[in-house]
Amino acid sequence: MRQSFLSLALIAWTIINISACSKTEVPKTYYYTIDTLETQQAPPRDGMQIVQVNTVTLPAYLDQRNLVMRDGDSQIIISQYHLWADEPAAGITRQLTNSLNALDSARHYQSRCSDCPSVNVNIEHFYPTSDGEVVLTGEYTLGGGNDSNHPFSFRSQLKSDGYEDAVRVMRVLIKDLAQQIDAETIVNPIMANDG
Amino acid sequence: MSTEPVYSTKKKRRISAIWIVPIIALIIGIGLMINEWRNRGVPITIEFSSAGGLAAGKSELHYRDVVIGTVESIEFSEDQEKIIVGVSVNRNNKDLLTEDSQLWVVKPRFSSRGISGVDTLISGSYLQIQPGTSSKESREFVGLEAPPITPVGDAGLHITLSAIEGNDIAVGVPVIYHGIVVGRVEQVSFSVESREVEYDLFINAPYDALVTSNTVFWQANGVRLRQSSTGFEIDIASMQSLMSGGIEFDVPDEMPIGYEVQDYARFKLYSNENDYVNFREYESIEYLMEVTESVRGLNEGAPVEFRGYRIGTVHVPELNFAAITGNASEKGGKQSVYIVIRLEPGRVLEEYDLTEFKQFIDSAIKDGLYASIDSLSLITGARMVNLDYGDKPVDKIARYGDYELIPSREGGFSQITDSANKLLNNLNALPIEQTINEVNSALASLNSTLKSADSALNDSDLSATIKNVNASMASLNTLISGLNESNASQNLGKSLGALESTLAGFEPNSELYRDLTATVAQLRKTLDDLSPFVNQLSRRPEMLIFGKDKAPDRQPKARTQ
């Protein structure tokens, strides 16, 4: 009785495994990067103010390798076969830093420095929607901890279907954020951090 | 010659021979009628409430298992309330039809005496007769609804018992004397005049001689538990008593046998043997108690004891003295309650004089005898009256109305409850709630302080620092132990050098630090690489067996222009 049960269990396990090896094709996995080769950083010149760009903070559902898409008003769809090649927070920070350096000639933005002012960006929504829109919203602070929050909100339309175009538009929105930050620093120069 | 005819006539018969046949037929008919008349039974009528399975022309009348008659008709009475059964009884047995004869229907019956009439399931119901002793004949009878408990004419004694409550004693319940069934309950009824239940008993001869004027009857209990000086004793009654109950009787040991009683003598039925001892009526003298405490739980019939000996009974637990005299007494500012107690010398003395007993009690009151209400049972809350010496002597016994007064005091239980009330009042006055609130506030502050200390201790930098300090302390301990030896300074130097090397190993430029940093980075990278797989696996664990979902991802679609 026990042997027959074990035999049946083994046969069932074999069938399951064989069925797992079916010839149904698995979709191809795509990897994306948000920062591109065209925006490599240039070294700082003498007299330039050094500003540290801290790593942006993302909500948990965005701080992962899988690209996400919003469907409707609140549903988030996490893709299986479209992944970030790098941590999204690091990639967005690099893209933002490169964009700021490309805009501002009086300051040099870099990821790390000692005793220098900083830019802190907190992203709340950054994803494409199912109806062809890309959204980037959040807030940032400039300088020391006493600076107030500066909210931002950018939207743009996809020109073609797919995540590839969505990543392209997301990169454009980061450039828009860099422009807002740059405009803010011109009006309100960034002061160094206290203590 | 003329000739005349000669006429000769014969003499004709007066009765024709043809009449012989009808005459013979008539004689035979008359004979048959006479025979029928002679064999015809005696018609009687019996009145019943129901026909009880009888059938006209089939059911029979039996006497001692011999058929003596047949049911001829079954009809309703004129008022349609009763059933009139017409029976033809054999002429030979008409002597059985006396005015006190008893007739009933024999059918299957289940009673406390067992199952009877089972044979009628096959033969059908029939009538049974028990002839009476009267000399007067009767042709109309009222049938019994159940077989008689006692046949008419049986030798024995009829007595009547009375009880305040019906004690589930039914007709047919046995009457028992020392375990022997000597009679049965014939009838149970309720007297509206006396407001008591009455039981008609029949005691069979020769046991009827056991019933005398001093006989006490009580209801037999199935299982009786008694406590004596040797321990507990369990008495179990007969099986019939267990099933259907019973009535027992006897003459108490302390009483004489008594005189012979007549038929239908009346006795009282007690609930149990002990009730006779407790509720027996004695000669008594009455006194009045005046108390200011609650008399809840003190009932009529409660015992009056003197140092554990019962010497009386509470007669009236709450006498409305004010209603009788129109004067309500004030004692210490509280309304008094009056209790009438009876002191019964017959409970403790075999021979006594009631007048001398009263003189003794009066003398005792003057010497300080007092009464108090004490607890009889903590479970039921029943109370009793206790007499004891201890009060201050008095010169004269007070009178209230027609009663003489026994001085009273609050009972021991009342004193205990008063003390408990005072203690509870004192406890209630304590600022316990305020104290508890202050303690709660202090505990809340301590809790938040401990949480702050805990979060500080959980800080990773602090933990690392503590670990470093521990390591340093270990080295220092080695150093201190080495100071006790002669080359302590050398050991100290070595230890300091070792400590310096250890601390140097943790500097950011040290190789260990770089290796640790690289390891952490590699681990982090590995976790990042595994992150998508782990996320998928958490959402779809079946992926391990059936593989990834084959459906392609939904992708955003550009809006059509």
# chains A, B, ... in the order shown; residues from 1 in each chain; ligands from 1
>>> interface_residues(of="chain B", to="chain A", cutoff="12 Å", atoms="only C-alpha atoms", output="ChimeraX atom specification")
/B:524-525,527-537,539-540,542-561
>>> residues_around(residues="Tyr126 in chain B", least_positions_apart="2", cutoff="6 Å", atoms="only C-alpha atoms", output="list in words")
Ser59, Glu60, Val105 and Val106 of chain B
>>> residues_around(residues="Pro88 in chain A", least_positions_apart="3", cutoff="12 Å", atoms="only C-alpha atoms", output="short mmCIF file (atom, residue, chain, number, x, y, z; two decimals) with N, CA, C and O atoms, in the first residue's frame")
data_model
loop_
_atom_site.label_atom_id
_atom_site.label_comp_id
_atom_site.auth_asym_id
_atom_site.auth_seq_id
_atom_site.Cartn_x
_atom_site.Cartn_y
_atom_site.Cartn_z
N TYR A 31 15.76 45.19 -20.33
CA TYR A 31 16.39 45.97 -19.28
C TYR A 31 16.55 47.40 -19.76
O TYR A 31 16.96 47.65 -20.90
N TYR A 32 16.24 48.34 -18.89
CA TYR A 32 16.29 49.76 -19.25
C TYR A 32 17.21 50.50 -18.30
O TYR A 32 17.40 50.13 -17.15
N THR A 33 17.80 51.64 -18.84
CA THR A 33 18.56 52.56 -18.00
C THR A 33 18.05 53.95 -18.27
O THR A 33 17.76 54.32 -19.41
N ILE A 34 17.91 54.70 -17.17
CA ILE A 34 17.31 56.02 -17.33
C ILE A 34 18.36 57.08 -17.63
O ILE A 34 18.06 58.14 -18.17
N ASP A 35 19.61 56.82 -17.21
CA ASP A 35 20.63 57.82 -17.51
C ASP A 35 21.40 57.36 -18.76
O ASP A 35 21.74 56.21 -18.90
N THR A 55 21.05 61.07 -3.01
CA THR A 55 20.27 60.06 -3.71
C THR A 55 18.78 60.32 -3.49
O THR A 55 18.34 60.51 -2.36
N VAL A 56 18.05 60.34 -4.60
CA VAL A 56 16.61 60.62 -4.49
C VAL A 56 15.93 59.48 -3.70
O VAL A 56 16.38 58.34 -3.71
N THR A 57 14.87 59.84 -3.04
CA THR A 57 14.10 58.84 -2.30
C THR A 57 12.85 58.50 -3.09
O THR A 57 12.20 59.38 -3.65
N LEU A 58 12.54 57.20 -3.15
CA LEU A 58 11.39 56.71 -3.90
C LEU A 58 10.46 55.94 -2.96
O LEU A 58 10.93 55.35 -1.97
N PRO A 59 9.18 55.91 -3.28
CA PRO A 59 8.28 55.04 -2.52
C PRO A 59 8.61 53.58 -2.80
O PRO A 59 9.25 53.26 -3.79
N ALA A 60 8.19 52.69 -1.95
CA ALA A 60 8.59 51.29 -2.01
C ALA A 60 8.22 50.61 -3.31
O ALA A 60 8.99 49.82 -3.86
N TYR A 61 7.05 50.96 -3.89
CA TYR A 61 6.62 50.27 -5.10
C TYR A 61 7.42 50.72 -6.32
O TYR A 61 7.43 50.05 -7.35
N LEU A 62 8.11 51.86 -6.21
CA LEU A 62 8.97 52.32 -7.29
C LEU A 62 10.42 51.91 -7.07
O LEU A 62 11.19 51.78 -8.02
N ASP A 63 10.80 51.67 -5.81
CA ASP A 63 12.19 51.37 -5.49
C ASP A 63 12.46 49.89 -5.71
O ASP A 63 12.80 49.14 -4.78
N GLN A 64 12.29 49.44 -6.93
CA GLN A 64 12.50 48.05 -7.28
C GLN A 64 12.91 47.98 -8.73
O GLN A 64 12.75 48.95 -9.48
N ARG A 65 13.38 46.85 -9.18
CA ARG A 65 13.90 46.70 -10.52
C ARG A 65 12.79 46.62 -11.56
O ARG A 65 13.02 46.94 -12.72
N ASN A 66 11.60 46.18 -11.18
CA ASN A 66 10.52 46.02 -12.14
C ASN A 66 9.90 47.37 -12.47
O ASN A 66 9.61 48.16 -11.56
N LEU A 67 9.72 47.63 -13.79
CA LEU A 67 9.02 48.85 -14.17
C LEU A 67 7.55 48.71 -13.79
O LEU A 67 6.99 47.62 -13.81
N VAL A 68 6.92 49.81 -13.45
CA VAL A 68 5.52 49.81 -13.05
C VAL A 68 4.75 50.73 -13.97
O VAL A 68 5.29 51.64 -14.58
N LEU A 83 12.62 45.46 -16.91
CA LEU A 83 13.32 45.71 -15.66
C LEU A 83 14.31 46.84 -15.82
O LEU A 83 14.82 47.11 -16.92
N TRP A 84 14.57 47.53 -14.72
CA TRP A 84 15.67 48.48 -14.69
C TRP A 84 16.99 47.72 -14.62
O TRP A 84 17.12 46.75 -13.89
N ALA A 85 17.98 48.22 -15.36
CA ALA A 85 19.30 47.60 -15.33
C ALA A 85 20.04 47.93 -14.05
O ALA A 85 20.94 47.21 -13.65
N GLY A 91 19.91 55.51 -10.64
CA GLY A 91 19.85 55.97 -12.02
C GLY A 91 19.21 57.34 -12.14
O GLY A 91 19.70 58.21 -12.87
N ILE A 92 18.13 57.55 -11.38
CA ILE A 92 17.46 58.85 -11.43
C ILE A 92 18.38 59.93 -10.87
O ILE A 92 18.46 61.05 -11.40
N THR A 93 19.12 59.60 -9.80
CA THR A 93 20.04 60.59 -9.21
C THR A 93 21.12 60.97 -10.21
O THR A 93 21.47 62.15 -10.36
N ARG A 94 21.67 59.98 -10.91
CA ARG A 94 22.71 60.30 -11.90
C ARG A 94 22.14 61.16 -13.02
O ARG A 94 22.76 62.14 -13.44
N GLN A 95 20.96 60.79 -13.49
CA GLN A 95 20.35 61.57 -14.57
C GLN A 95 20.08 62.99 -14.13
O GLN A 95 20.31 63.95 -14.87
N LEU A 96 19.61 63.16 -12.89
CA LEU A 96 19.33 64.50 -12.38
C LEU A 96 20.62 65.30 -12.24
O LEU A 96 20.69 66.49 -12.61
N ILE A 123 10.79 61.78 -4.50
CA ILE A 123 9.84 61.52 -5.58
C ILE A 123 8.66 60.72 -5.03
O ILE A 123 8.85 59.71 -4.34
N PHE A 126 6.30 58.42 -10.16
CA PHE A 126 7.16 58.49 -11.34
C PHE A 126 6.92 57.22 -12.14
O PHE A 126 7.59 56.20 -11.96
N TYR A 127 5.95 57.26 -13.07
CA TYR A 127 5.59 56.08 -13.83
C TYR A 127 4.74 56.49 -15.03
O TYR A 127 4.15 57.58 -15.03
N VAL A 167 10.32 55.24 -20.93
CA VAL A 167 11.59 55.58 -20.29
C VAL A 167 12.18 56.84 -20.90
O VAL A 167 12.76 57.69 -20.20
N MET A 170 10.34 59.66 -19.38
CA MET A 170 10.74 59.82 -17.98
C MET A 170 12.07 60.56 -17.90
O MET A 170 12.27 61.41 -17.03
N ARG A 171 12.96 60.27 -18.82
CA ARG A 171 14.24 60.97 -18.84
C ARG A 171 14.04 62.46 -19.13
O ARG A 171 14.68 63.32 -18.53
N ASP B 528 20.30 42.76 -5.03
CA ASP B 528 19.62 43.52 -6.07
C ASP B 528 19.27 42.63 -7.24
O ASP B 528 18.19 42.74 -7.85
#
>>> select_by_dssp(residues="range 96-162 of chain B", states="strand (DSSP E)", output="PyMOL selection string")
chain B and resi 102-106+109-111+114-116+126-130+140-142+156-162
>>> decode(residues="range 288-299 of chain B", atoms="N, CA, C and O atoms", output="PDB file, in the first residue's frame")
ATOM      1  N   LEU B 288     -41.220  37.075  74.657  1.00  0.00           N
ATOM      2  CA  LEU B 288     -41.072  38.028  73.567  1.00  0.00           C
ATOM      3  C   LEU B 288     -39.634  38.522  73.525  1.00  0.00           C
ATOM      4  O   LEU B 288     -39.023  38.770  74.552  1.00  0.00           O
ATOM      5  N   MET B 289     -39.076  38.649  72.286  1.00  0.00           N
ATOM      6  CA  MET B 289     -37.767  39.261  72.094  1.00  0.00           C
ATOM      7  C   MET B 289     -37.967  40.578  71.384  1.00  0.00           C
ATOM      8  O   MET B 289     -38.797  40.674  70.469  1.00  0.00           O
ATOM      9  N   GLU B 290     -37.178  41.569  71.767  1.00  0.00           N
ATOM     10  CA  GLU B 290     -37.215  42.858  71.078  1.00  0.00           C
ATOM     11  C   GLU B 290     -35.826  43.105  70.514  1.00  0.00           C
ATOM     12  O   GLU B 290     -34.854  43.232  71.251  1.00  0.00           O
ATOM     13  N   VAL B 291     -35.726  43.170  69.154  1.00  0.00           N
ATOM     14  CA  VAL B 291     -34.429  43.337  68.524  1.00  0.00           C
ATOM     15  C   VAL B 291     -34.490  44.527  67.569  1.00  0.00           C
ATOM     16  O   VAL B 291     -35.571  44.942  67.131  1.00  0.00           O
ATOM     17  N   THR B 292     -33.305  45.039  67.257  1.00  0.00           N
ATOM     18  CA  THR B 292     -33.212  46.156  66.321  1.00  0.00           C
ATOM     19  C   THR B 292     -32.465  45.763  65.044  1.00  0.00           C
ATOM     20  O   THR B 292     -32.246  46.578  64.177  1.00  0.00           O
ATOM     21  N   GLU B 293     -32.078  44.485  64.955  1.00  0.00           N
ATOM     22  CA  GLU B 293     -31.351  44.074  63.754  1.00  0.00           C
ATOM     23  C   GLU B 293     -32.319  43.394  62.785  1.00  0.00           C
ATOM     24  O   GLU B 293     -33.487  43.139  63.125  1.00  0.00           O
ATOM     25  N   SER B 294     -31.834  43.073  61.609  1.00  0.00           N
ATOM     26  CA  SER B 294     -32.668  42.432  60.610  1.00  0.00           C
ATOM     27  C   SER B 294     -32.986  41.005  61.041  1.00  0.00           C
ATOM     28  O   SER B 294     -32.161  40.311  61.611  1.00  0.00           O
ATOM     29  N   VAL B 295     -34.218  40.600  60.820  1.00  0.00           N
ATOM     30  CA  VAL B 295     -34.628  39.237  61.146  1.00  0.00           C
ATOM     31  C   VAL B 295     -34.773  38.407  59.870  1.00  0.00           C
ATOM     32  O   VAL B 295     -35.409  37.346  59.879  1.00  0.00           O
ATOM     33  N   ARG B 296     -34.172  38.885  58.773  1.00  0.00           N
ATOM     34  CA  ARG B 296     -34.235  38.113  57.527  1.00  0.00           C
ATOM     35  C   ARG B 296     -33.586  36.756  57.761  1.00  0.00           C
ATOM     36  O   ARG B 296     -32.493  36.669  58.282  1.00  0.00           O
ATOM     37  N   GLY B 297     -34.240  35.708  57.367  1.00  0.00           N
ATOM     38  CA  GLY B 297     -33.718  34.353  57.537  1.00  0.00           C
ATOM     39  C   GLY B 297     -34.262  33.668  58.767  1.00  0.00           C
ATOM     40  O   GLY B 297     -34.085  32.457  58.940  1.00  0.00           O
ATOM     41  N   LEU B 298     -34.935  34.398  59.642  1.00  0.00           N
ATOM     42  CA  LEU B 298     -35.522  33.800  60.839  1.00  0.00           C
ATOM     43  C   LEU B 298     -36.972  33.472  60.510  1.00  0.00           C
ATOM     44  O   LEU B 298     -37.789  34.363  60.316  1.00  0.00           O
ATOM     45  N   ASN B 299     -37.259  32.198  60.403  1.00  0.00           N
ATOM     46  CA  ASN B 299     -38.581  31.748  59.981  1.00  0.00           C
ATOM     47  C   ASN B 299     -39.324  31.095  61.135  1.00  0.00           C
ATOM     48  O   ASN B 299     -38.724  30.673  62.139  1.00  0.00           O
TER      49      ASN B 299
END
